[in-house]
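Structure first, commentary second.
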Amino acid sequence: MIKCSYSTGQNQDCKEKNTMKQDSIRIAADSQAKFNNNTAFCIGTGRMGLALQQEYQQQLAMAQAECAFTHIRGHGLFSDDMAIYQPYQDAEGNWHEGYNFTYLDRVMDDYRAQGLKPFLELGFMPEKMASGTQTIFYWKGNVTPPQDDAKWTAMVQATLAHLAERYGKDEVSTWPCEVWNEPNLSGFWENADEEKYHHLYAVTAKAVKEVLPDMRVGGPAICGGATSQDWVRNFLQFCKENQLPLDFVSRHAYMGETPEHRGRYLYHTMRTVDSLLAEMQETRDIIDSFPEYRGMEMHITEFNTSYNPFCPIHDTNLNAAYMAGVLARMGDVAASYSYWTFGDVFEEQGVPPMPFHGGFGLIANGQIAKPTLWSFAFFSHLHGTPVHRDEHSVIVRKDDGSYEGVLWNLCRADRDELTVTIALPAGGEQMLTTETVDEVTCNPLKVWHDLGEPRSLSANQLRLLRQAGQPAADTAVLAAENGECTLQMTLRQNAVVRFTLSARNQQGDYGYDYTWYQQHS
């Protein structure tokens with residue numbers, strides 16, 4: 001019997017005939033569940049030089065307001081647009097090493113003002129230091145080894161020493177430091193040369209520790225692929241045999257399968273969340289197979305559904321539902337998992353041509369929230385004692401006895417609605433709040449499509465899209481019976497819903513009655 005009932009989304013018309021899935025959850029006073037929530041530890045960004053743009057900073061502030069990430073990781077620290085490496089020639093014609101930290105200071109100051117610590121990625125290679133000409137991306141990041149190890153390590157050490165002087169040695173020592181990006185892919189590291197990457201890691205990790213002994217350094221920052229797990233195993237063996245500094249292992253995680261190209265855009269089916277987690281668990285098991293590294297932190301320094309910045313799934317509610325499933329479980333195997341990326345100021349394959357273009361970001365250009373932003377916002381603040389977790393929900397109990405949960409309904413091929421009944425220990429009057437993100441209530445992509453998919457937005461179009469990107473909020477007052485309050489919520493396809501249930505504390509002012517006009521009209 002439902003003693004207290006609340007339902008969301010049941011009275012909306014649907015274009016398709018939906019079937020209904022059912023689930024029932026009962027929470028006892030002593031219920032406990034496994035849930036490790038590291039959602040807010042790190043967020044990804046494009047290359048660091050983009051942080052000099054106003055729109056970038058506006059999107060980052062928006063992400064921080066909703067999610068309060070603590071670290072940020074991106075490419076291009078040493079790429080030429082950051083202008084750090086500046087060798088110079090004296091009057092006698094002799095060359096000297098030189099460094100310019102003007103842009104670095106601006107970027108780091110802005111990150112710190114936003115409450116962020118950098119998760120430093122050491123790369124790519126300055127053109128004047130590079131051993132070759134191979135580059136990647138629209139902005140031509142050089143991906144070849146240094147022509148002179150001494151020049152590379154001197155630049156790394158000078159940069160870290162400058163940061164320590166500016167922000168304090170103790171503070172900078174808390175910034176994780178990752179050597180390079182995806183060296184197992186030939187596009188990111190010339191010939192995907194494993195031996196040369198091992199050498200780069202060895203000289204770089206030693207250089208880092210000479211300047212900041214307490215700074216945590218790691219790698220190999222590999223992406224998936226047939227040999228990716230071998231790369232992890234070989235990397236750990238190399239570090240072990242050479243007694244190299246190693247404080248964490250890093251890798252990336254993407255869900256895209258066989259790609260199909262249409263114009264500039266890429267489409268592909270997605271792996272299941274189970275499949276992605278199994279791959280991450282395999283890496284975890286490889287790390288733990290080395291007695292020296294058992295229990296060492298594993299950081300997933302990039303993850304998303306698609307690995308392409310022109311894949312329309314990133315703009316959809318389906319993406320938000322996928323990410324809810326990942327966020328519920330990724331903390332079981334990883335110390336952090338950094339979504340790639342917070343915003344759509346991003347130029348790996350060129351400047352984005354339209355507000356919605358399949359960009360990686362949680363936020364579309366124009367500061368339009370995409371549905372996936374709310375998956376991260378809901379999980380970022382989901383802290384307390386875990387009391388329940390299953391394939392479409394996580395619930396925690398707060399210290400004050402209230403409850404908070406996130407529910408989602410991932411619909412890959414079907415369009416089934418999901419009705420969840422939740423019985424929670426409670427007494428007296430309870431206050432229920434819900435925030436709903438689904439394809440009806442929070443779908444700016446649909447609004448943009450209905451507007452004709454404009455490339456350049458008018459002020460009114462931008463206002464509508466920003467409104468369309470907000471969750472639907474609702475409240476209800478419930479009366480518990482026999483120490484229990486039961487909620488019933490219906491989730492449409494690809495919905496992500498946050499709810500809270502807490503004791504209601506009626507305040508207000510004597511004589512104020514908002515129902516008076518309903519009774520006297």
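Letters A, B, ... go to the chains of the structure tokens in the order shown; residues in each chain start at 1; ligands are counted from 1 in the same order.
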Per residue of segment 174-225 of chain A within 9 Å of segment 152-169 of chain A, what are the shortest atom pair and its distance in Å to one decimal, counting only C-alpha atoms, with rows by chain and residue number, as a Markdown table?
| residue | atom | partner | partner_atom | distance |
| --- | --- | --- | --- | --- |
| A:Thr174 | CA | A:Lys169 | CA | 8.9 |
| A:Val203 | CA | A:Thr153 | CA | 7.1 |
| A:Thr204 | CA | A:Thr153 | CA | 6.1 |
| A:Lys206 | CA | A:Thr153 | CA | 8.9 |
| A:Ala207 | CA | A:Thr153 | CA | 6.0 |
| A:Val208 | CA | A:Gln157 | CA | 6.4 |
| A:Glu210 | CA | A:Gln157 | CA | 8.1 |
| A:Val211 | CA | A:Gln157 | CA | 6.2 |
| A:Leu212 | CA | A:Lys169 | CA | 7.4 |
So which residues touch Thr441 of chain A within 9 Å, counting only C-alpha atoms, skipping near sequence neighbours fewer than 4 positions away, as JSON, numbers by chain?
{"A": [436, 437, 468, 469, 470, 471, 472]}
Any chance you could export the current selection's N, CA, C and O atoms as a short mmCIF file (atom, residue, chain, number, x, y, z; two decimals), in the first residue's frame?
data_model
loop_
_atom_site.label_atom_id
_atom_site.label_comp_id
_atom_site.auth_asym_id
_atom_site.auth_seq_id
_atom_site.Cartn_x
_atom_site.Cartn_y
_atom_site.Cartn_z
N THR A 436 14.14 17.55 -12.38
CA THR A 436 14.01 16.57 -13.45
C THR A 436 14.64 17.08 -14.74
O THR A 436 14.36 18.19 -15.19
N VAL A 437 15.47 16.22 -15.31
CA VAL A 437 16.08 16.48 -16.62
C VAL A 437 15.70 15.32 -17.53
O VAL A 437 16.08 14.17 -17.27
N ALA A 468 15.60 26.63 -21.66
CA ALA A 468 15.33 25.24 -21.99
C ALA A 468 16.37 24.29 -21.40
O ALA A 468 16.12 23.08 -21.33
N GLY A 469 17.51 24.81 -20.99
CA GLY A 469 18.56 23.99 -20.41
C GLY A 469 18.48 23.82 -18.91
O GLY A 469 19.40 23.26 -18.30
N GLN A 470 17.39 24.28 -18.29
CA GLN A 470 17.26 24.19 -16.83
C GLN A 470 16.38 23.02 -16.42
O GLN A 470 15.39 22.71 -17.09
N PRO A 471 16.70 22.34 -15.31
CA PRO A 471 15.85 21.26 -14.83
C PRO A 471 14.47 21.78 -14.42
O PRO A 471 14.31 22.95 -14.03
N ALA A 472 13.48 20.90 -14.47
CA ALA A 472 12.15 21.22 -13.98
C ALA A 472 12.11 20.92 -12.48
O ALA A 472 12.39 19.80 -12.05
#
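We find atom CA of His314 of chain A and atom CA of Gly384 of chain A to be spaced 29.5 Å apart.
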Find the residues around segment 25-27 of chain A up to 12 Å (only C-alpha atoms counted), leave out those fewer than 2 positions away in its own chain, and share them as number ranges by chain.
A: 22-23, 29-33, 386-390, 392-397, 403, 407, 419-426, 483-489
For the residues in that selection, give me C-alpha atoms as a PDB file, in the first residue's frame.
ATOM      1  CA  GLN A  22       8.828  -1.068 -12.583  1.00  0.00           C
ATOM      2  CA  ASP A  23      11.184  -1.099  -9.621  1.00  0.00           C
ATOM      3  CA  ALA A  29      17.088   2.512   9.193  1.00  0.00           C
ATOM      4  CA  ASP A  30      20.324   0.492   9.044  1.00  0.00           C
ATOM      5  CA  SER A  31      20.593   0.116   5.251  1.00  0.00           C
ATOM      6  CA  GLN A  32      24.039   0.528   3.720  1.00  0.00           C
ATOM      7  CA  ALA A  33      25.352   0.357   0.163  1.00  0.00           C
ATOM      8  CA  PRO A 386      25.092   5.396   0.961  1.00  0.00           C
ATOM      9  CA  VAL A 387      21.954   3.364   1.645  1.00  0.00           C
ATOM     10  CA  HIS A 388      21.082   2.063  -1.828  1.00  0.00           C
ATOM     11  CA  ARG A 389      22.594   1.631  -5.278  1.00  0.00           C
ATOM     12  CA  ASP A 390      21.347  -0.272  -8.308  1.00  0.00           C
ATOM     13  CA  HIS A 392      19.385   3.217 -12.126  1.00  0.00           C
ATOM     14  CA  SER A 393      19.577   4.842  -8.679  1.00  0.00           C
ATOM     15  CA  VAL A 394      21.822   5.938  -5.830  1.00  0.00           C
ATOM     16  CA  ILE A 395      20.421   7.091  -2.474  1.00  0.00           C
ATOM     17  CA  VAL A 396      22.291   8.513   0.521  1.00  0.00           C
ATOM     18  CA  ARG A 397      21.296   9.440   4.062  1.00  0.00           C
ATOM     19  CA  TYR A 403      17.664  11.558   2.169  1.00  0.00           C
ATOM     20  CA  LEU A 407      17.642   8.247 -10.441  1.00  0.00           C
ATOM     21  CA  THR A 419       8.375   3.829 -12.392  1.00  0.00           C
ATOM     22  CA  VAL A 420      10.349   3.627  -9.156  1.00  0.00           C
ATOM     23  CA  THR A 421       8.693   3.174  -5.783  1.00  0.00           C
ATOM     24  CA  ILE A 422      10.908   4.111  -2.819  1.00  0.00           C
ATOM     25  CA  ALA A 423       9.983   3.508   0.830  1.00  0.00           C
ATOM     26  CA  LEU A 424      12.106   5.543   3.263  1.00  0.00           C
ATOM     27  CA  PRO A 425      12.172   5.667   7.081  1.00  0.00           C
ATOM     28  CA  ALA A 426      10.536   8.943   8.122  1.00  0.00           C
ATOM     29  CA  GLY A 483       7.469   5.496  10.396  1.00  0.00           C
ATOM     30  CA  GLU A 484       7.666   5.272   6.620  1.00  0.00           C
ATOM     31  CA  CYS A 485       7.176   7.542   3.608  1.00  0.00           C
ATOM     32  CA  THR A 486       6.781   6.054   0.139  1.00  0.00           C
ATOM     33  CA  LEU A 487       7.542   7.935  -3.049  1.00  0.00           C
ATOM     34  CA  GLN A 488       6.583   6.903  -6.542  1.00  0.00           C
ATOM     35  CA  MET A 489       8.377   8.587  -9.414  1.00  0.00           C
TER      36      MET A 489
END
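Reported to one decimal place, the separation of atom CA of Ala61 of chain A from atom CA of Ala335 of chain A is 24.3 Å.
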List every residue of segment 49-110 of chain A that DSSP, applied to the backbone of this structure, places in alpha helix (DSSP H), and write the result as a list in words.
Gln54, Glu55, Tyr56, Gln57, Gln58, Gln59, Leu60, Ala61, Met62, Ala63, Gln64, Ala65, Glu66, Cys67, Thr102, Tyr103, Leu104, Asp105, Arg106, Val107, Met108, Asp109 and Asp110 of chain A
Write the residues you've just listed into a file as a PDB file, in the first residue's frame, and include N, CA and C atoms for each of them.
ATOM      1  N   GLN A  54      37.264  35.009 -23.004  1.00  0.00           N
ATOM      2  CA  GLN A  54      36.204  35.374 -22.063  1.00  0.00           C
ATOM      3  C   GLN A  54      35.119  34.302 -21.978  1.00  0.00           C
ATOM      4  N   GLU A  55      34.670  33.788 -23.127  1.00  0.00           N
ATOM      5  CA  GLU A  55      33.612  32.778 -23.126  1.00  0.00           C
ATOM      6  C   GLU A  55      34.039  31.535 -22.350  1.00  0.00           C
ATOM      7  N   TYR A  56      35.309  31.159 -22.467  1.00  0.00           N
ATOM      8  CA  TYR A  56      35.855  30.022 -21.723  1.00  0.00           C
ATOM      9  C   TYR A  56      35.659  30.245 -20.224  1.00  0.00           C
ATOM     10  N   GLN A  57      36.067  31.410 -19.737  1.00  0.00           N
ATOM     11  CA  GLN A  57      35.971  31.690 -18.311  1.00  0.00           C
ATOM     12  C   GLN A  57      34.520  31.757 -17.846  1.00  0.00           C
ATOM     13  N   GLN A  58      33.633  32.242 -18.704  1.00  0.00           N
ATOM     14  CA  GLN A  58      32.217  32.292 -18.336  1.00  0.00           C
ATOM     15  C   GLN A  58      31.641  30.884 -18.213  1.00  0.00           C
ATOM     16  N   GLN A  59      31.989  30.007 -19.145  1.00  0.00           N
ATOM     17  CA  GLN A  59      31.512  28.630 -19.062  1.00  0.00           C
ATOM     18  C   GLN A  59      32.100  27.910 -17.852  1.00  0.00           C
ATOM     19  N   LEU A  60      33.361  28.169 -17.571  1.00  0.00           N
ATOM     20  CA  LEU A  60      33.990  27.530 -16.415  1.00  0.00           C
ATOM     21  C   LEU A  60      33.328  27.984 -15.117  1.00  0.00           C
ATOM     22  N   ALA A  61      33.006  29.275 -15.019  1.00  0.00           N
ATOM     23  CA  ALA A  61      32.327  29.781 -13.827  1.00  0.00           C
ATOM     24  C   ALA A  61      30.960  29.121 -13.664  1.00  0.00           C
ATOM     25  N   MET A  62      30.274  28.895 -14.781  1.00  0.00           N
ATOM     26  CA  MET A  62      28.964  28.242 -14.744  1.00  0.00           C
ATOM     27  C   MET A  62      29.094  26.799 -14.272  1.00  0.00           C
ATOM     28  N   ALA A  63      30.100  26.088 -14.779  1.00  0.00           N
ATOM     29  CA  ALA A  63      30.328  24.713 -14.332  1.00  0.00           C
ATOM     30  C   ALA A  63      30.675  24.669 -12.855  1.00  0.00           C
ATOM     31  N   GLN A  64      31.490  25.601 -12.409  1.00  0.00           N
ATOM     32  CA  GLN A  64      31.883  25.627 -11.001  1.00  0.00           C
ATOM     33  C   GLN A  64      30.713  25.951 -10.087  1.00  0.00           C
ATOM     34  N   ALA A  65      29.821  26.831 -10.541  1.00  0.00           N
ATOM     35  CA  ALA A  65      28.668  27.189  -9.723  1.00  0.00           C
ATOM     36  C   ALA A  65      27.770  25.980  -9.476  1.00  0.00           C
ATOM     37  N   GLU A  66      27.693  25.082 -10.442  1.00  0.00           N
ATOM     38  CA  GLU A  66      26.806  23.925 -10.314  1.00  0.00           C
ATOM     39  C   GLU A  66      27.500  22.702  -9.733  1.00  0.00           C
ATOM     40  N   CYS A  67      28.792  22.521 -10.021  1.00  0.00           N
ATOM     41  CA  CYS A  67      29.475  21.257  -9.696  1.00  0.00           C
ATOM     42  C   CYS A  67      30.631  21.390  -8.718  1.00  0.00           C
ATOM     43  N   THR A 102      54.089  34.716 -18.691  1.00  0.00           N
ATOM     44  CA  THR A 102      53.001  35.700 -18.676  1.00  0.00           C
ATOM     45  C   THR A 102      51.640  35.028 -18.813  1.00  0.00           C
ATOM     46  N   TYR A 103      51.462  34.210 -19.863  1.00  0.00           N
ATOM     47  CA  TYR A 103      50.180  33.554 -20.065  1.00  0.00           C
ATOM     48  C   TYR A 103      49.927  32.480 -19.009  1.00  0.00           C
ATOM     49  N   LEU A 104      50.961  31.781 -18.598  1.00  0.00           N
ATOM     50  CA  LEU A 104      50.798  30.771 -17.558  1.00  0.00           C
ATOM     51  C   LEU A 104      50.236  31.397 -16.283  1.00  0.00           C
ATOM     52  N   ASP A 105      50.779  32.539 -15.899  1.00  0.00           N
ATOM     53  CA  ASP A 105      50.295  33.205 -14.690  1.00  0.00           C
ATOM     54  C   ASP A 105      48.824  33.598 -14.819  1.00  0.00           C
ATOM     55  N   ARG A 106      48.444  34.112 -15.995  1.00  0.00           N
ATOM     56  CA  ARG A 106      47.051  34.506 -16.190  1.00  0.00           C
ATOM     57  C   ARG A 106      46.115  33.306 -16.050  1.00  0.00           C
ATOM     58  N   VAL A 107      46.492  32.205 -16.679  1.00  0.00           N
ATOM     59  CA  VAL A 107      45.639  31.022 -16.647  1.00  0.00           C
ATOM     60  C   VAL A 107      45.551  30.460 -15.230  1.00  0.00           C
ATOM     61  N   MET A 108      46.692  30.340 -14.566  1.00  0.00           N
ATOM     62  CA  MET A 108      46.683  29.770 -13.220  1.00  0.00           C
ATOM     63  C   MET A 108      45.960  30.682 -12.227  1.00  0.00           C
ATOM     64  N   ASP A 109      46.124  31.985 -12.365  1.00  0.00           N
ATOM     65  CA  ASP A 109      45.399  32.919 -11.500  1.00  0.00           C
ATOM     66  C   ASP A 109      43.891  32.749 -11.674  1.00  0.00           C
ATOM     67  N   ASP A 110      43.463  32.606 -12.932  1.00  0.00           N
ATOM     68  CA  ASP A 110      42.033  32.446 -13.193  1.00  0.00           C
ATOM     69  C   ASP A 110      41.519  31.114 -12.652  1.00  0.00           C
TER      70      ASP A 110
END
Contact check, segment 354-392 of chain A to segment 294-310 of chain A, at most 9 Å, counting only C-alpha atoms, closest pairs as JSON lines:
{"residue": "A:His357", "atom": "CA", "partner": "A:Phe310", "partner_atom": "CA", "distance": 5.8}
{"residue": "A:Gly358", "atom": "CA", "partner": "A:Phe310", "partner_atom": "CA", "distance": 4.4}
{"residue": "A:Gly359", "atom": "CA", "partner": "A:Pro309", "partner_atom": "CA", "distance": 4.6}
{"residue": "A:Phe360", "atom": "CA", "partner": "A:Pro309", "partner_atom": "CA", "distance": 5.4}
{"residue": "A:Gly361", "atom": "CA", "partner": "A:Pro309", "partner_atom": "CA", "distance": 8.7}
Write the residues of the preceding selection, restricted to all heavy atoms, as a PDB file, in the first residue's frame.
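Produced file again.pdb, reproduced below:
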ATOM      1  N   HIS A 357      26.928  21.279 -31.825  1.00  0.00           N
ATOM      2  CA  HIS A 357      27.714  20.650 -32.887  1.00  0.00           C
ATOM      3  C   HIS A 357      28.292  19.310 -32.432  1.00  0.00           C
ATOM      4  O   HIS A 357      29.171  18.763 -33.077  1.00  0.00           O
ATOM      5  CB  HIS A 357      28.851  21.577 -33.321  1.00  0.00           C
ATOM      6  CG  HIS A 357      29.746  21.968 -32.175  1.00  0.00           C
ATOM      7  ND1 HIS A 357      29.453  23.009 -31.331  1.00  0.00           N
ATOM      8  CD2 HIS A 357      30.896  21.426 -31.716  1.00  0.00           C
ATOM      9  CE1 HIS A 357      30.391  23.102 -30.409  1.00  0.00           C
ATOM     10  NE2 HIS A 357      31.280  22.146 -30.610  1.00  0.00           N
ATOM     11  N   GLY A 358      27.801  18.801 -31.306  1.00  0.00           N
ATOM     12  CA  GLY A 358      28.340  17.551 -30.781  1.00  0.00           C
ATOM     13  C   GLY A 358      29.596  17.733 -29.970  1.00  0.00           C
ATOM     14  O   GLY A 358      30.367  16.782 -29.790  1.00  0.00           O
ATOM     15  N   GLY A 359      29.840  18.940 -29.470  1.00  0.00           N
ATOM     16  CA  GLY A 359      31.039  19.201 -28.686  1.00  0.00           C
ATOM     17  C   GLY A 359      31.048  18.440 -27.371  1.00  0.00           C
ATOM     18  O   GLY A 359      30.009  18.085 -26.815  1.00  0.00           O
ATOM     19  N   PHE A 360      32.257  18.221 -26.853  1.00  0.00           N
ATOM     20  CA  PHE A 360      32.415  17.458 -25.616  1.00  0.00           C
ATOM     21  C   PHE A 360      31.746  18.099 -24.406  1.00  0.00           C
ATOM     22  O   PHE A 360      31.416  17.426 -23.442  1.00  0.00           O
ATOM     23  CB  PHE A 360      33.909  17.321 -25.279  1.00  0.00           C
ATOM     24  CG  PHE A 360      34.675  16.371 -26.153  1.00  0.00           C
ATOM     25  CD1 PHE A 360      35.765  16.814 -26.890  1.00  0.00           C
ATOM     26  CD2 PHE A 360      34.335  15.033 -26.241  1.00  0.00           C
ATOM     27  CE1 PHE A 360      36.509  15.952 -27.674  1.00  0.00           C
ATOM     28  CE2 PHE A 360      35.059  14.156 -27.018  1.00  0.00           C
ATOM     29  CZ  PHE A 360      36.157  14.611 -27.755  1.00  0.00           C
ATOM     30  N   GLY A 361      31.567  19.407 -24.419  1.00  0.00           N
ATOM     31  CA  GLY A 361      31.308  20.144 -23.194  1.00  0.00           C
ATOM     32  C   GLY A 361      30.005  19.846 -22.480  1.00  0.00           C
ATOM     33  O   GLY A 361      29.006  19.436 -23.083  1.00  0.00           O
TER      34      GLY A 361
END
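Residue nearest Lys151 of chain A within the list A:Tyr85, A:Trp175, A:Tyr517, A:Tyr322: A:Tyr85 [criterion: smallest interatomic distance, only C-alpha atoms].
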Gly427 of chain A surroundings by only C-alpha atoms, 10 Å radius, close-in-sequence under 5 positions cut, as a ChimeraX atom specification
/A:478-485,502-503
Same residues, N, CA and C atoms, saved as a CSV table (one decimal), in the first residue's frame:
chain,number,residue,atom,x,y,z
A,478,LEU,N,4.5,15.7,2.2
A,478,LEU,CA,4.0,14.4,2.4
A,478,LEU,C,3.9,14.1,3.9
A,479,ALA,N,2.9,13.2,4.3
A,479,ALA,CA,2.8,12.8,5.6
A,479,ALA,C,3.1,11.4,5.8
A,480,ALA,N,4.1,11.1,6.6
A,480,ALA,CA,4.5,9.7,6.8
A,480,ALA,C,3.5,9.0,7.7
A,481,GLU,N,3.5,7.7,7.5
A,481,GLU,CA,2.6,6.8,8.3
A,481,GLU,C,3.4,5.6,8.8
A,482,ASN,N,3.3,5.3,10.1
A,482,ASN,CA,3.9,4.1,10.7
A,482,ASN,C,5.4,4.2,10.4
A,483,GLY,N,6.0,5.4,10.5
A,483,GLY,CA,7.5,5.5,10.4
A,483,GLY,C,8.0,5.3,9.0
A,484,GLU,N,7.2,5.5,8.0
A,484,GLU,CA,7.7,5.3,6.6
A,484,GLU,C,7.0,6.2,5.7
A,485,CYS,N,7.7,6.7,4.7
A,485,CYS,CA,7.2,7.5,3.6
A,485,CYS,C,7.5,6.9,2.3
A,502,SER,N,13.1,15.4,3.4
A,502,SER,CA,13.6,15.9,4.7
A,502,SER,C,12.4,16.3,5.5
A,503,ALA,N,12.6,16.4,6.8
A,503,ALA,CA,11.5,16.8,7.7
A,503,ALA,C,11.1,18.3,7.4
What lies within 8 Å of segment 125-141 of chain A using only C-alpha atoms, ignoring chain neighbours under 2 positions off, as a short mmCIF file (atom, residue, chain, number, x, y, z; two decimals) with C-alpha atoms, in the first residue's frame?
data_model
loop_
_atom_site.label_atom_id
_atom_site.label_comp_id
_atom_site.auth_asym_id
_atom_site.auth_seq_id
_atom_site.Cartn_x
_atom_site.Cartn_y
_atom_site.Cartn_z
CA GLY A 76 49.04 22.25 -24.32
CA PHE A 78 54.08 23.76 -23.31
CA SER A 79 52.54 24.32 -26.73
CA ASP A 80 53.60 27.47 -28.51
CA TYR A 85 59.67 28.31 -24.13
CA GLY A 123 52.96 18.39 -23.01
CA VAL A 143 53.86 15.34 -30.56
CA THR A 144 57.51 14.41 -31.10
CA PRO A 145 60.12 13.75 -28.39
CA PRO A 146 62.52 16.52 -27.38
CA GLN A 147 65.65 16.84 -29.45
CA ASP A 148 67.55 17.40 -26.20
CA LYS A 151 66.38 21.31 -22.55
CA TRP A 152 63.07 19.55 -21.90
CA GLY A 187 48.61 10.73 -33.38
CA PHE A 188 49.60 11.88 -29.89
CA GLU A 190 55.26 9.93 -32.78
CA GLU A 347 39.26 23.64 -31.07
CA GLU A 348 40.86 20.24 -31.67
CA GLN A 349 39.16 19.89 -35.06
CA GLY A 350 38.57 23.58 -35.68
#
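Looking only at segment 281-388 of chain A, the set that DSSP places in strand (DSSP E) from backbone geometry is Glu297, Met298, His299, Ile300, Thr301, Glu302, Phe303, Asn304, Ser336, Tyr337, Ser338, Tyr339, Ile363, Ala364, Ile368, Ala369, Thr385, Pro386, Val387 and His388 of chain A.
Nearest to Ala473 of chain A of all the residues A:Tyr197, A:Trp448, A:Phe499, A:Phe356 is A:Phe499, based on only C-alpha atoms.
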Please provide the set of residues having any atom within 12 Å of Tyr201 of chain A, restricted to only C-alpha atoms, with same-chain residues fewer than 6 positions apart removed, written as a compact mmCIF listing (two decimals) with N, CA, C and O atoms, in the first residue's frame.
# COMPACT_ATOMS: atom_id res chain seq x y z
N LEU A 122 51.99 17.37 -18.67
CA LEU A 122 53.23 17.90 -19.24
C LEU A 122 53.29 17.57 -20.73
O LEU A 122 53.62 16.46 -21.13
N GLY A 123 52.99 18.53 -21.56
CA GLY A 123 52.96 18.39 -23.01
C GLY A 123 52.33 19.64 -23.60
O GLY A 123 51.82 20.47 -22.86
N PRO A 145 59.27 13.64 -29.58
CA PRO A 145 60.12 13.75 -28.39
C PRO A 145 61.02 14.99 -28.47
O PRO A 145 61.19 15.58 -29.54
N ASP A 149 67.08 16.09 -24.21
CA ASP A 149 66.43 15.83 -22.92
C ASP A 149 66.72 16.93 -21.91
O ASP A 149 65.84 17.31 -21.11
N TRP A 152 64.42 19.89 -22.35
CA TRP A 152 63.07 19.55 -21.90
C TRP A 152 62.97 19.57 -20.37
O TRP A 152 62.08 20.20 -19.80
N THR A 153 63.86 18.87 -19.71
CA THR A 153 63.77 18.80 -18.25
C THR A 153 64.05 20.15 -17.61
O THR A 153 63.46 20.48 -16.58
N CYS A 177 50.69 15.64 -11.32
CA CYS A 177 51.49 15.95 -12.51
C CYS A 177 51.58 14.70 -13.38
O CYS A 177 52.15 13.69 -12.97
N GLU A 178 51.03 14.76 -14.59
CA GLU A 178 50.94 13.63 -15.50
C GLU A 178 51.87 13.86 -16.69
O GLU A 178 51.88 14.95 -17.28
N VAL A 179 52.62 12.85 -17.07
CA VAL A 179 53.59 12.98 -18.14
C VAL A 179 52.96 12.58 -19.47
O VAL A 179 52.67 11.40 -19.71
N TRP A 180 52.71 13.57 -20.31
CA TRP A 180 52.21 13.44 -21.69
C TRP A 180 50.76 13.01 -21.72
O TRP A 180 50.07 12.96 -20.69
N ASN A 181 50.26 12.73 -22.94
CA ASN A 181 48.86 12.39 -23.18
C ASN A 181 48.76 11.33 -24.28
O ASN A 181 49.25 11.53 -25.39
N PRO A 183 50.18 8.39 -25.20
CA PRO A 183 51.34 8.01 -26.01
C PRO A 183 51.16 6.69 -26.74
O PRO A 183 51.97 6.38 -27.63
N GLU A 194 56.74 3.11 -27.66
CA GLU A 194 56.65 2.81 -26.23
C GLU A 194 57.99 3.02 -25.53
O GLU A 194 58.05 3.58 -24.42
N GLU A 195 59.08 2.61 -26.16
CA GLU A 195 60.39 2.75 -25.54
C GLU A 195 60.75 4.22 -25.33
O GLU A 195 61.27 4.61 -24.28
N ALA A 207 63.03 14.71 -12.96
CA ALA A 207 63.16 16.17 -12.95
C ALA A 207 62.12 16.81 -12.05
O ALA A 207 62.41 17.77 -11.32
N VAL A 208 60.91 16.30 -12.08
CA VAL A 208 59.85 16.84 -11.23
C VAL A 208 60.22 16.70 -9.76
O VAL A 208 60.12 17.65 -8.97
N VAL A 217 53.58 12.45 -9.23
CA VAL A 217 53.80 12.33 -10.66
C VAL A 217 53.37 10.94 -11.13
O VAL A 217 53.51 9.95 -10.41
N GLY A 218 52.80 10.88 -12.36
CA GLY A 218 52.34 9.59 -12.85
C GLY A 218 52.11 9.58 -14.35
O GLY A 218 52.35 10.55 -15.05
N GLY A 219 51.65 8.47 -14.84
CA GLY A 219 51.37 8.21 -16.24
C GLY A 219 50.75 6.82 -16.33
O GLY A 219 50.35 6.26 -15.31
N PRO A 220 50.64 6.21 -17.51
CA PRO A 220 51.09 6.70 -18.82
C PRO A 220 50.03 7.43 -19.62
O PRO A 220 50.24 7.71 -20.80
N ALA A 221 48.86 7.71 -19.02
CA ALA A 221 47.80 8.49 -19.68
C ALA A 221 47.35 7.87 -20.99
O ALA A 221 47.07 8.57 -21.96
N PHE A 235 54.52 -0.40 -18.66
CA PHE A 235 54.91 0.84 -17.97
C PHE A 235 55.24 0.57 -16.51
O PHE A 235 56.27 1.03 -15.98
N LEU A 236 54.39 -0.17 -15.84
CA LEU A 236 54.64 -0.49 -14.44
C LEU A 236 55.90 -1.33 -14.28
O LEU A 236 56.69 -1.12 -13.33
N PHE A 238 58.51 -1.27 -16.24
CA PHE A 238 59.63 -0.37 -16.49
C PHE A 238 59.92 0.49 -15.26
O PHE A 238 61.09 0.64 -14.85
N CYS A 239 58.87 1.04 -14.66
CA CYS A 239 59.07 1.86 -13.46
C CYS A 239 59.65 1.04 -12.32
O CYS A 239 60.53 1.49 -11.57
N ASN A 242 63.41 0.14 -12.96
CA ASN A 242 64.31 1.30 -12.92
C ASN A 242 64.11 2.15 -11.67
O ASN A 242 64.71 3.23 -11.56
N LEU A 244 61.73 4.06 -10.59
CA LEU A 244 61.35 5.43 -10.94
C LEU A 244 60.27 5.95 -10.00
O LEU A 244 59.46 5.19 -9.47
N PRO A 245 60.21 7.27 -9.83
CA PRO A 245 59.10 7.84 -9.07
C PRO A 245 57.78 7.53 -9.77
O PRO A 245 57.65 7.70 -10.99
N LEU A 246 56.80 7.08 -9.03
CA LEU A 246 55.47 6.82 -9.56
C LEU A 246 54.47 6.89 -8.41
O LEU A 246 54.54 6.09 -7.48
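If only C-alpha atoms are the atoms counted, then among A:Ile368, A:Leu116, A:Met215, A:Leu418 the closest residue to Gln493 of chain A is A:Leu418.
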